Amino acid sequence: MDKPEDAMFSPAVKAEQARLGSRPAFEGRDFKSEITDDLRQFLAAIDTFFFATASADGRPYIQHRGGPPGFLKPIGTHTLAFADFAGNRQYITLGHLKENDRAHIFIPHFATQQRVKLWGRARVIEGDLELMERLVDPAYKARPERAIVFTLEAWDVNCRQHIVPRYSEAEIAPAVDRLARRIRELEEEVARLKGAP
C-alpha cells in the first residue's frame with residue numbers, strides 16, 4: 001500500500017465516494033498507519049473489540065474479542081497483538097487467516113461514544129512464550145492458546161453519531177459507591193432524628 005488511505009478505500013469505494021459527493025472530504029486527509037500516543041491511551045482502556053476476517057473466497061466473519069483493559073497491546077510502531085483465549089472451538093478466524101491475512105479491528109467505546117477502526121494484516125503465532133508473557137495478564141482468568149499479531153496499515157476515528165452511551169460495571173462503580181455512601185449518611189441522619197427527643 002502506498003498510503004493508509006489505499007488500505008481503507010479500494011478503487012470501488014473511492015468511485016462511490018466520488019459518485020455520492022464525499023470524495024473531496026477524504027482526499028489529502030492525513031490517515032495514520034502508525035500507533036500514536038492517543039491510540040495507545042485509547043487501547044489501554046478498552047476491554048472489547050470486534051475482529052473481522054474473510055476466507056479466500058470472501059466469506060466474512062466477525063468475532064467479538066474481550067479481555068482485561070488494555071489486552072489489545074501495541075508491540076511496535078505499526079504492530080498490535082492480543083492473546084487468543086480458548087473459546088467456542090469453531091476456529092473460523094484461524095482458518096481464514098491461513099488463507100487470507102487481511103483483517104479489520106473495530107473498537108466501539110460506548111462510555112465515551114468513540115469508535116476506532118483499524119485495517120491491516122494478521123497472523124497467528126503459536127508457541128512463542130516470550131510474546132505470550134507480554135500479552136497475558138496473569139490475574140485474568142482465561143486460558144490463552146496462541147497470539148494474534150496485527151500489522152497496522154491504516155486507522156481512523158469515526159464520528160460519535162448513533163453510538164448510544166453504555167457503561168461497564170467498572171465505569172459506573174465510582175458513581176454507585178458515592179450514592180451508596182450518601183444513602184448510608186441519610187439513613188443515619190434519619191435514625192438520629194427519629195431518636196431525638
# chains A, B, ... in the order shown; residues from 1 in each chain; ligands from 1

call {"tool": "residues_around", "arguments": {"residues": "A:His78", "least_positions_apart": "6", "cutoff": "7 Å", "atoms": "only C-alpha atoms", "output": "ChimeraX atom specification"}}
result
/A:33-35,151-152

call {"tool": "write_last_selection", "arguments": {"atoms": "N, CA and C atoms", "output": "PDB file, in the first residue's frame"}}
result
ATOM      1  N   SER A  33      -1.019   5.281   9.908  1.00  0.00           N
ATOM      2  CA  SER A  33      -0.719   3.851   9.927  1.00  0.00           C
ATOM      3  C   SER A  33       0.182   3.524  11.110  1.00  0.00           C
ATOM      4  N   GLU A  34       0.538   4.539  11.841  1.00  0.00           N
ATOM      5  CA  GLU A  34       1.437   4.374  12.987  1.00  0.00           C
ATOM      6  C   GLU A  34       0.644   4.511  14.282  1.00  0.00           C
ATOM      7  N   ILE A  35       1.062   3.786  15.293  1.00  0.00           N
ATOM      8  CA  ILE A  35       0.401   3.858  16.596  1.00  0.00           C
ATOM      9  C   ILE A  35       0.854   5.143  17.296  1.00  0.00           C
ATOM     10  N   THR A 151      -0.599  -6.343  11.947  1.00  0.00           N
ATOM     11  CA  THR A 151       0.241  -5.287  11.378  1.00  0.00           C
ATOM     12  C   THR A 151      -0.680  -4.209  10.816  1.00  0.00           C
ATOM     13  N   LEU A 152      -0.566  -3.036  11.376  1.00  0.00           N
ATOM     14  CA  LEU A 152      -1.463  -1.923  11.082  1.00  0.00           C
ATOM     15  C   LEU A 152      -1.090  -1.254   9.765  1.00  0.00           C
TER      16      LEU A 152
END

call {"tool": "closest_atom_pairs", "arguments": {"of": "stretch 8-59 of chain A", "to": "stretch 116-125 of chain A", "cutoff": "12 Å", "atoms": "only C-alpha atoms", "output": "JSON lines"}}
result
{"residue": "A:Met8", "atom": "CA", "partner": "A:Trp119", "partner_atom": "CA", "distance": 6.7}
{"residue": "A:Phe9", "atom": "CA", "partner": "A:Trp119", "partner_atom": "CA", "distance": 10.3}
{"residue": "A:Phe31", "atom": "CA", "partner": "A:Leu118", "partner_atom": "CA", "distance": 10.8}
{"residue": "A:Lys32", "atom": "CA", "partner": "A:Leu118", "partner_atom": "CA", "distance": 9.7}
{"residue": "A:Ser33", "atom": "CA", "partner": "A:Leu118", "partner_atom": "CA", "distance": 8.8}
{"residue": "A:Glu34", "atom": "CA", "partner": "A:Leu118", "partner_atom": "CA", "distance": 10.6}
{"residue": "A:Ile35", "atom": "CA", "partner": "A:Leu118", "partner_atom": "CA", "distance": 10.4}
{"residue": "A:Asp38", "atom": "CA", "partner": "A:Val116", "partner_atom": "CA", "distance": 11.2}
{"residue": "A:Leu39", "atom": "CA", "partner": "A:Val116", "partner_atom": "CA", "distance": 8.7}
{"residue": "A:Arg40", "atom": "CA", "partner": "A:Val116", "partner_atom": "CA", "distance": 11.7}
{"residue": "A:Phe42", "atom": "CA", "partner": "A:Val116", "partner_atom": "CA", "distance": 9.0}
{"residue": "A:Leu43", "atom": "CA", "partner": "A:Val116", "partner_atom": "CA", "distance": 9.7}
{"residue": "A:Ile46", "atom": "CA", "partner": "A:Val116", "partner_atom": "CA", "distance": 10.8}
{"residue": "A:Thr48", "atom": "CA", "partner": "A:Val116", "partner_atom": "CA", "distance": 11.8}
{"residue": "A:Phe49", "atom": "CA", "partner": "A:Val116", "partner_atom": "CA", "distance": 9.6}
{"residue": "A:Phe50", "atom": "CA", "partner": "A:Lys117", "partner_atom": "CA", "distance": 9.8}
{"residue": "A:Phe51", "atom": "CA", "partner": "A:Leu118", "partner_atom": "CA", "distance": 9.7}
{"residue": "A:Ala52", "atom": "CA", "partner": "A:Trp119", "partner_atom": "CA", "distance": 9.7}
{"residue": "A:Thr53", "atom": "CA", "partner": "A:Ala122", "partner_atom": "CA", "distance": 9.0}
{"residue": "A:Ala54", "atom": "CA", "partner": "A:Arg121", "partner_atom": "CA", "distance": 11.4}

call {"tool": "residues_around", "arguments": {"residues": "A:Asp47", "least_positions_apart": "3", "cutoff": "9 Å", "atoms": "only C-alpha atoms", "output": "PDB file with N, CA, C and O atoms, in the first residue's frame"}}
result
ATOM      1  N   LEU A  43      -6.270   2.366  23.566  1.00  0.00           N
ATOM      2  CA  LEU A  43      -6.160   0.912  23.665  1.00  0.00           C
ATOM      3  C   LEU A  43      -5.959   0.449  25.102  1.00  0.00           C
ATOM      4  O   LEU A  43      -6.423  -0.635  25.473  1.00  0.00           O
ATOM      5  N   ALA A  44      -5.305   1.256  25.917  1.00  0.00           N
ATOM      6  CA  ALA A  44      -5.063   0.879  27.312  1.00  0.00           C
ATOM      7  C   ALA A  44      -6.365   0.773  28.102  1.00  0.00           C
ATOM      8  O   ALA A  44      -6.421   0.078  29.121  1.00  0.00           O
ATOM      9  N   ARG A  65     -13.981 -10.026  20.648  1.00  0.00           N
ATOM     10  CA  ARG A  65     -12.819 -10.341  21.472  1.00  0.00           C
ATOM     11  C   ARG A  65     -12.929  -9.519  22.741  1.00  0.00           C
ATOM     12  O   ARG A  65     -13.187  -8.310  22.693  1.00  0.00           O
ATOM     13  N   GLY A  66     -12.740 -10.149  23.883  1.00  0.00           N
ATOM     14  CA  GLY A  66     -12.804  -9.457  25.164  1.00  0.00           C
ATOM     15  C   GLY A  66     -11.671  -9.895  26.061  1.00  0.00           C
ATOM     16  O   GLY A  66     -11.092 -10.965  25.887  1.00  0.00           O
ATOM     17  N   GLY A  67     -11.371  -9.054  27.031  1.00  0.00           N
ATOM     18  CA  GLY A  67     -10.302  -9.350  27.978  1.00  0.00           C
ATOM     19  C   GLY A  67     -10.168  -8.215  28.966  1.00  0.00           C
ATOM     20  O   GLY A  67     -10.997  -7.306  29.007  1.00  0.00           O
ATOM     21  N   PRO A  68      -9.107  -8.229  29.738  1.00  0.00           N
ATOM     22  CA  PRO A  68      -8.905  -7.135  30.688  1.00  0.00           C
ATOM     23  C   PRO A  68      -8.575  -5.843  29.943  1.00  0.00           C
ATOM     24  O   PRO A  68      -8.095  -5.888  28.802  1.00  0.00           O
ATOM     25  N   PRO A  69      -8.834  -4.684  30.547  1.00  0.00           N
ATOM     26  CA  PRO A  69      -8.497  -3.428  29.864  1.00  0.00           C
ATOM     27  C   PRO A  69      -7.046  -3.436  29.377  1.00  0.00           C
ATOM     28  O   PRO A  69      -6.136  -3.837  30.108  1.00  0.00           O
ATOM     29  N   GLY A  70      -6.879  -3.046  28.128  1.00  0.00           N
ATOM     30  CA  GLY A  70      -5.538  -2.978  27.552  1.00  0.00           C
ATOM     31  C   GLY A  70      -5.029  -4.284  26.983  1.00  0.00           C
ATOM     32  O   GLY A  70      -3.851  -4.392  26.640  1.00  0.00           O
ATOM     33  N   PHE A  71      -5.901  -5.289  26.815  1.00  0.00           N
ATOM     34  CA  PHE A  71      -5.418  -6.583  26.332  1.00  0.00           C
ATOM     35  C   PHE A  71      -5.024  -6.558  24.854  1.00  0.00           C
ATOM     36  O   PHE A  71      -4.271  -7.427  24.402  1.00  0.00           O
ATOM     37  N   LEU A  72      -5.502  -5.577  24.082  1.00  0.00           N
ATOM     38  CA  LEU A  72      -5.015  -5.379  22.717  1.00  0.00           C
ATOM     39  C   LEU A  72      -3.809  -4.456  22.840  1.00  0.00           C
ATOM     40  O   LEU A  72      -3.952  -3.259  23.067  1.00  0.00           O
ATOM     41  N   HIS A 109     -16.189   2.227  21.907  1.00  0.00           N
ATOM     42  CA  HIS A 109     -16.093   2.517  23.347  1.00  0.00           C
ATOM     43  C   HIS A 109     -17.348   3.311  23.686  1.00  0.00           C
ATOM     44  O   HIS A 109     -17.435   4.510  23.443  1.00  0.00           O
TER      45      HIS A 109
END

call {"tool": "atom_distance", "arguments": {"atom1": "atom CA of A:Arg178", "atom2": "atom CA of A:Ala191"}}
result
20.1 Å

call {"tool": "residues_around", "arguments": {"residues": "A:Pro144", "least_positions_apart": "3", "cutoff": "6 Å", "atoms": "only C-alpha atoms", "output": "PyMOL selection string"}}
result
chain A and resi 83-85

call {"tool": "write_last_selection", "arguments": {"atoms": "all heavy atoms", "output": "PDB file, in the first residue's frame"}}
result
ATOM      1  N   ALA A  83      -3.729 -11.913  23.052  1.00  0.00           N
ATOM      2  CA  ALA A  83      -3.793 -13.340  23.344  1.00  0.00           C
ATOM      3  C   ALA A  83      -5.127 -13.872  22.843  1.00  0.00           C
ATOM      4  O   ALA A  83      -6.172 -13.258  23.052  1.00  0.00           O
ATOM      5  CB  ALA A  83      -3.644 -13.569  24.842  1.00  0.00           C
ATOM      6  N   ASP A  84      -5.080 -15.006  22.182  1.00  0.00           N
ATOM      7  CA  ASP A  84      -6.284 -15.675  21.705  1.00  0.00           C
ATOM      8  C   ASP A  84      -6.671 -16.691  22.773  1.00  0.00           C
ATOM      9  O   ASP A  84      -6.003 -17.704  22.958  1.00  0.00           O
ATOM     10  CB  ASP A  84      -5.995 -16.360  20.369  1.00  0.00           C
ATOM     11  CG  ASP A  84      -7.224 -17.001  19.754  1.00  0.00           C
ATOM     12  OD1 ASP A  84      -8.340 -16.515  20.014  1.00  0.00           O
ATOM     13  OD2 ASP A  84      -7.064 -17.983  19.010  1.00  0.00           O
ATOM     14  N   PHE A  85      -7.740 -16.389  23.488  1.00  0.00           N
ATOM     15  CA  PHE A  85      -8.175 -17.236  24.586  1.00  0.00           C
ATOM     16  C   PHE A  85      -9.028 -18.398  24.076  1.00  0.00           C
ATOM     17  O   PHE A  85      -9.680 -18.295  23.041  1.00  0.00           O
ATOM     18  CB  PHE A  85      -8.985 -16.420  25.604  1.00  0.00           C
ATOM     19  CG  PHE A  85      -8.201 -15.304  26.232  1.00  0.00           C
ATOM     20  CD1 PHE A  85      -8.550 -13.983  26.011  1.00  0.00           C
ATOM     21  CD2 PHE A  85      -7.108 -15.568  27.045  1.00  0.00           C
ATOM     22  CE1 PHE A  85      -7.834 -12.948  26.581  1.00  0.00           C
ATOM     23  CE2 PHE A  85      -6.379 -14.543  27.622  1.00  0.00           C
ATOM     24  CZ  PHE A  85      -6.744 -13.231  27.392  1.00  0.00           C
TER      25      PHE A  85
END

call {"tool": "closest_residue", "arguments": {"among": "A:Ala86, A:Ala25, A:Asp128, A:Ala175", "to": "A:Ala142", "atoms": "only C-alpha atoms"}}
result
A:Ala86

call {"tool": "select_by_dssp", "arguments": {"residues": "stretch 119-175 of chain A", "states": "strand (DSSP E)", "output": "NGL selection string"}}
result
:A and (119-125 or 144-158)

call {"tool": "write_last_selection", "arguments": {"atoms": "N, CA and C atoms", "output": "mmCIF file, in the first residue's frame"}}
result
data_model
loop_
_atom_site.group_PDB
_atom_site.id
_atom_site.type_symbol
_atom_site.label_atom_id
_atom_site.label_comp_id
_atom_site.auth_asym_id
_atom_site.auth_seq_id
_atom_site.Cartn_x
_atom_site.Cartn_y
_atom_site.Cartn_z
ATOM 1 N N TRP A 119 -7.297 -1.121 9.960
ATOM 2 C CA TRP A 119 -7.132 -2.017 8.825
ATOM 3 C C TRP A 119 -5.722 -2.574 8.864
ATOM 4 N N GLY A 120 -5.590 -3.838 8.489
ATOM 5 C CA GLY A 120 -4.247 -4.395 8.446
ATOM 6 C C GLY A 120 -4.234 -5.848 8.036
ATOM 7 N N ARG A 121 -3.159 -6.493 8.456
ATOM 8 C CA ARG A 121 -2.958 -7.915 8.166
ATOM 9 C C ARG A 121 -2.627 -8.610 9.472
ATOM 10 N N ALA A 122 -3.135 -9.828 9.610
ATOM 11 C CA ALA A 122 -2.961 -10.540 10.875
ATOM 12 C C ALA A 122 -2.339 -11.904 10.632
ATOM 13 N N ARG A 123 -1.628 -12.353 11.646
ATOM 14 C CA ARG A 123 -1.051 -13.689 11.591
ATOM 15 C C ARG A 123 -1.146 -14.332 12.971
ATOM 16 N N VAL A 124 -1.213 -15.636 12.975
ATOM 17 C CA VAL A 124 -1.319 -16.414 14.206
ATOM 18 C C VAL A 124 0.081 -16.854 14.611
ATOM 19 N N ILE A 125 0.409 -16.664 15.891
ATOM 20 C CA ILE A 125 1.716 -17.072 16.427
ATOM 21 C C ILE A 125 1.468 -18.098 17.528
ATOM 22 N N PRO A 144 -5.076 -18.731 27.635
ATOM 23 C CA PRO A 144 -4.558 -18.292 26.337
ATOM 24 C C PRO A 144 -4.020 -19.489 25.556
ATOM 25 N N GLU A 145 -4.333 -19.522 24.270
ATOM 26 C CA GLU A 145 -3.889 -20.636 23.434
ATOM 27 C C GLU A 145 -2.824 -20.235 22.417
ATOM 28 N N ARG A 146 -2.841 -18.984 22.013
ATOM 29 C CA ARG A 146 -1.911 -18.515 20.985
ATOM 30 C C ARG A 146 -1.983 -16.994 20.964
ATOM 31 N N ALA A 147 -1.176 -16.376 20.129
ATOM 32 C CA ALA A 147 -1.235 -14.919 19.946
ATOM 33 C C ALA A 147 -1.670 -14.624 18.522
ATOM 34 N N ILE A 148 -2.338 -13.491 18.372
ATOM 35 C CA ILE A 148 -2.627 -12.973 17.039
ATOM 36 C C ILE A 148 -1.947 -11.617 16.940
ATOM 37 N N VAL A 149 -1.105 -11.484 15.935
ATOM 38 C CA VAL A 149 -0.331 -10.257 15.711
ATOM 39 C C VAL A 149 -0.934 -9.542 14.504
ATOM 40 N N PHE A 150 -1.197 -8.262 14.687
ATOM 41 C CA PHE A 150 -1.886 -7.450 13.683
ATOM 42 C C PHE A 150 -0.944 -6.347 13.228
ATOM 43 N N THR A 151 -0.599 -6.343 11.947
ATOM 44 C CA THR A 151 0.241 -5.287 11.378
ATOM 45 C C THR A 151 -0.680 -4.209 10.816
ATOM 46 N N LEU A 152 -0.566 -3.036 11.376
ATOM 47 C CA LEU A 152 -1.463 -1.923 11.082
ATOM 48 C C LEU A 152 -1.090 -1.254 9.765
ATOM 49 N N GLU A 153 -2.074 -1.146 8.865
ATOM 50 C CA GLU A 153 -1.881 -0.443 7.601
ATOM 51 C C GLU A 153 -2.534 0.930 7.612
ATOM 52 N N ALA A 154 -3.629 1.067 8.386
ATOM 53 C CA ALA A 154 -4.342 2.344 8.473
ATOM 54 C C ALA A 154 -5.286 2.292 9.654
ATOM 55 N N TRP A 155 -5.559 3.483 10.205
ATOM 56 C CA TRP A 155 -6.599 3.556 11.235
ATOM 57 C C TRP A 155 -7.263 4.918 11.196
ATOM 58 N N ASP A 156 -8.485 4.943 11.734
ATOM 59 C CA ASP A 156 -9.277 6.156 11.703
ATOM 60 C C ASP A 156 -10.224 6.158 12.895
ATOM 61 N N VAL A 157 -10.568 7.346 13.339
ATOM 62 C CA VAL A 157 -11.566 7.525 14.390
ATOM 63 C C VAL A 157 -12.830 8.007 13.710
ATOM 64 N N ASN A 158 -13.928 7.303 13.969
ATOM 65 C CA ASN A 158 -15.199 7.648 13.352
ATOM 66 C C ASN A 158 -15.964 8.648 14.210
#

call {"tool": "select_by_dssp", "arguments": {"residues": "stretch 157-189 of chain A", "states": "helix (DSSP H, G or I)", "output": "list in words"}}
result
Glu169, Ala170, Glu171, Ile172, Ala173, Pro174, Ala175, Val176, Asp177, Arg178, Leu179, Ala180, Arg181, Arg182, Ile183, Arg184, Glu185, Leu186, Glu187, Glu188 and Glu189 of chain A

call {"tool": "write_last_selection", "arguments": {"atoms": "C-alpha atoms", "output": "PDB file, in the first residue's frame"}}
result
ATOM      1  CA  GLU A 169     -19.652  -2.124  35.832  1.00  0.00           C
ATOM      2  CA  ALA A 170     -16.155  -0.754  36.465  1.00  0.00           C
ATOM      3  CA  GLU A 171     -17.053   2.566  34.802  1.00  0.00           C
ATOM      4  CA  ILE A 172     -20.165   3.134  36.925  1.00  0.00           C
ATOM      5  CA  ALA A 173     -18.712   1.761  40.193  1.00  0.00           C
ATOM      6  CA  PRO A 174     -17.431   5.161  41.471  1.00  0.00           C
ATOM      7  CA  ALA A 175     -20.859   6.789  40.997  1.00  0.00           C
ATOM      8  CA  VAL A 176     -22.648   3.849  42.623  1.00  0.00           C
ATOM      9  CA  ASP A 177     -20.217   3.942  45.561  1.00  0.00           C
ATOM     10  CA  ARG A 178     -20.861   7.688  46.052  1.00  0.00           C
ATOM     11  CA  LEU A 179     -24.622   7.132  46.013  1.00  0.00           C
ATOM     12  CA  ALA A 180     -24.362   4.206  48.457  1.00  0.00           C
ATOM     13  CA  ARG A 181     -22.305   6.352  50.872  1.00  0.00           C
ATOM     14  CA  ARG A 182     -24.827   9.187  50.603  1.00  0.00           C
ATOM     15  CA  ILE A 183     -27.750   6.813  51.258  1.00  0.00           C
ATOM     16  CA  ARG A 184     -25.985   5.485  54.388  1.00  0.00           C
ATOM     17  CA  GLU A 185     -25.387   9.049  55.614  1.00  0.00           C
ATOM     18  CA  LEU A 186     -29.036   9.957  55.075  1.00  0.00           C
ATOM     19  CA  GLU A 187     -30.266   6.765  56.774  1.00  0.00           C
ATOM     20  CA  GLU A 188     -28.040   7.527  59.774  1.00  0.00           C
ATOM     21  CA  GLU A 189     -29.370  11.079  59.880  1.00  0.00           C
TER      22      GLU A 189
END

call {"tool": "closest_residue", "arguments": {"among": "A:Gly127, A:Pro138, A:Gly87, A:Pro165", "to": "A:Gln113", "atoms": "only C-alpha atoms"}}
result
A:Pro165

call {"tool": "atom_distance", "arguments": {"atom1": "atom CA of A:Ser55", "atom2": "atom CA of A:Ile107"}}
result
21.6 Å

call {"tool": "atom_distance", "arguments": {"atom1": "atom CA of A:Thr112", "atom2": "atom CA of A:Asp37"}}
result
17.6 Å

call {"tool": "residues_around", "arguments": {"residues": "A:Phe110", "least_positions_apart": "6", "cutoff": "7 Å", "atoms": "only C-alpha atoms", "output": "ChimeraX atom specification"}}
result
/A:163-167

call {"tool": "write_last_selection", "arguments": {"atoms": "C-alpha atoms", "output": "mmCIF file, in the first residue's frame"}}
result
data_model
loop_
_atom_site.group_PDB
_atom_site.id
_atom_site.type_symbol
_atom_site.label_atom_id
_atom_site.label_comp_id
_atom_site.auth_asym_id
_atom_site.auth_seq_id
_atom_site.Cartn_x
_atom_site.Cartn_y
_atom_site.Cartn_z
ATOM 1 C CA ILE A 163 -23.397 5.483 19.481
ATOM 2 C CA VAL A 164 -25.680 5.071 22.479
ATOM 3 C CA PRO A 165 -23.680 5.568 25.705
ATOM 4 C CA ARG A 166 -23.352 2.405 27.789
ATOM 5 C CA TYR A 167 -21.163 1.855 30.790
#
